[in-house]
2 protein chains.
Amino acid sequence: MEEIDRRIVTLLAHDGRMSFTDLARETGLSVSAVHQRVRRLEKRGVVRGYAAIIDHDAVGLPLTAFVSIKPIDPAAPDDAPERLAHLAAIEACHSVAGDESYILKVRVASPVALEDLLQQIRASANVSTRTTVVLSTPYEHRAPHVASEPASDQDRPA
Amino acid sequence: MEEIDRRIVTLLAHDGRMSFTDLARETGLSVSAVHQRVRRLEKRGVVRGYAAIIDHDAVGLPLTAFVSIKPIDPAAPDDAPERLAHLAAIEACHSVAGDESYILKVRVASPVALEDLLQQIRASANVSTRTTVVLSTPYEHRAPHVASEPASDQDRPA
DNA sequence: TATGAAACACGTTGCGT
DNA sequence: ACGCAACGTGTTTCATA
């Protein structure tokens, strides 16, 4: 992936609805050339999708928290992500190095809803939890600074 | 905000490029009615923007980490978010309850780049850092389950 | 991989209800 | 607040280089 693709990715990361016409103007290519490139980036999975960025306060989910989890039985098979996937309040699940095994990012309506969610997490995955409540979010969803590092050839599908 | 708006928000959260035509079909409204509602949701800040979801591995940022920071001098004014905003590797900054003051989510190209970033964070904001490296991400960017809770009247601009 | 043009679909606006 | 219809713009495909 080279210069123009990186520029397209950056532009779309900032405005996922930018038109092909505008992308063409910004890159100096024709509309059909950028169209081709965007479709290729989507097909290769570099662009994985598009999403509206939602104000969680405005939709009744004003409470964000990070929940670190640790298995009660360290010998049991670790399938926590699948066991927790049904809980819609969980926005993200990261496997991490360190004392705990996963960090979950969750969004709920209230402290009581968080309490309820934690019980569901513990019950669903047989884990203990440690919760860090978010007080405010100065910024979030900042677009990546796509520099020069390319995807390796072996990552590229036929 | 009621039923149809919540449905629109959910659909756009899943596919930020969905056409007004498709939104109209899904909601049972006319294209212009949906158009009106989307513009209003944008204007009110319920929909804060649109973004392409990027595969960080494919753009040369395969290393994700959470960096918790704590001021060296607890008496100094806390302006860490502004002091750190210039670092493009920082995707998000959350003020949190607990022992530390902020949790940063960062994306870098390599362990060396992370080491360098941590030095920059410490120097820029006069903080100590505690870093949790992400090993893998089972899921991320899941759309919120927009239930029934409305935005309060006083949140609504004229 | 690029371009330009043609065919088509969509976004956008104004007006009537 | 919604629907309809007209208009302009954006998307998509194709022929060509």
# chains A, B, ... in the order shown; residues from 1 in each chain; ligands from 1
call {"tool": "select_by_dssp", "arguments": {"residues": "region 1-80 of chain B", "states": "alpha helix (DSSP H)", "output": "PyMOL selection string"}}
result
chain B and resi 3-14+20-27+31-43+80
call {"tool": "select_by_dssp", "arguments": {"residues": "chain B", "states": "strand (DSSP E or B)", "output": "ChimeraX atom specification"}}
result
/B:47-54,63-71,90-96,102-108,127-139
call {"tool": "closest_residue", "arguments": {"among": "B:Lys70, B:Lys105, B:His145, B:His35", "to": "chain D", "atoms": "only C-alpha atoms (C1' of nucleotides)"}}
result
B:His35
call {"tool": "residues_around", "arguments": {"residues": "Gly49 (chain B)", "least_positions_apart": "5", "cutoff": "8 Å", "atoms": "only C-alpha atoms (C1' of nucleotides)", "output": "PyMOL selection string"}}
result
(chain A and resi 15+52-54) or (chain B and resi 42)
call {"tool": "interface_residues", "arguments": {"of": "chain D", "to": "chain A", "cutoff": "9 Å", "atoms": "only C-alpha atoms (C1' of nucleotides)", "output": "list in words"}}
result
DG10, DT11 and DT12 of chain D
call {"tool": "residues_around", "arguments": {"residues": "region 1-6 of chain D", "least_positions_apart": "6", "cutoff": "10 Å", "atoms": "only C-alpha atoms (C1' of nucleotides)", "output": "list in words"}}
result
Leu29, Ser30, Val31, Ser32, Ala33, Val34, Gln36 and Arg37 of chain B; DT13, DG14, DC15, DG16 and DT17 of chain C
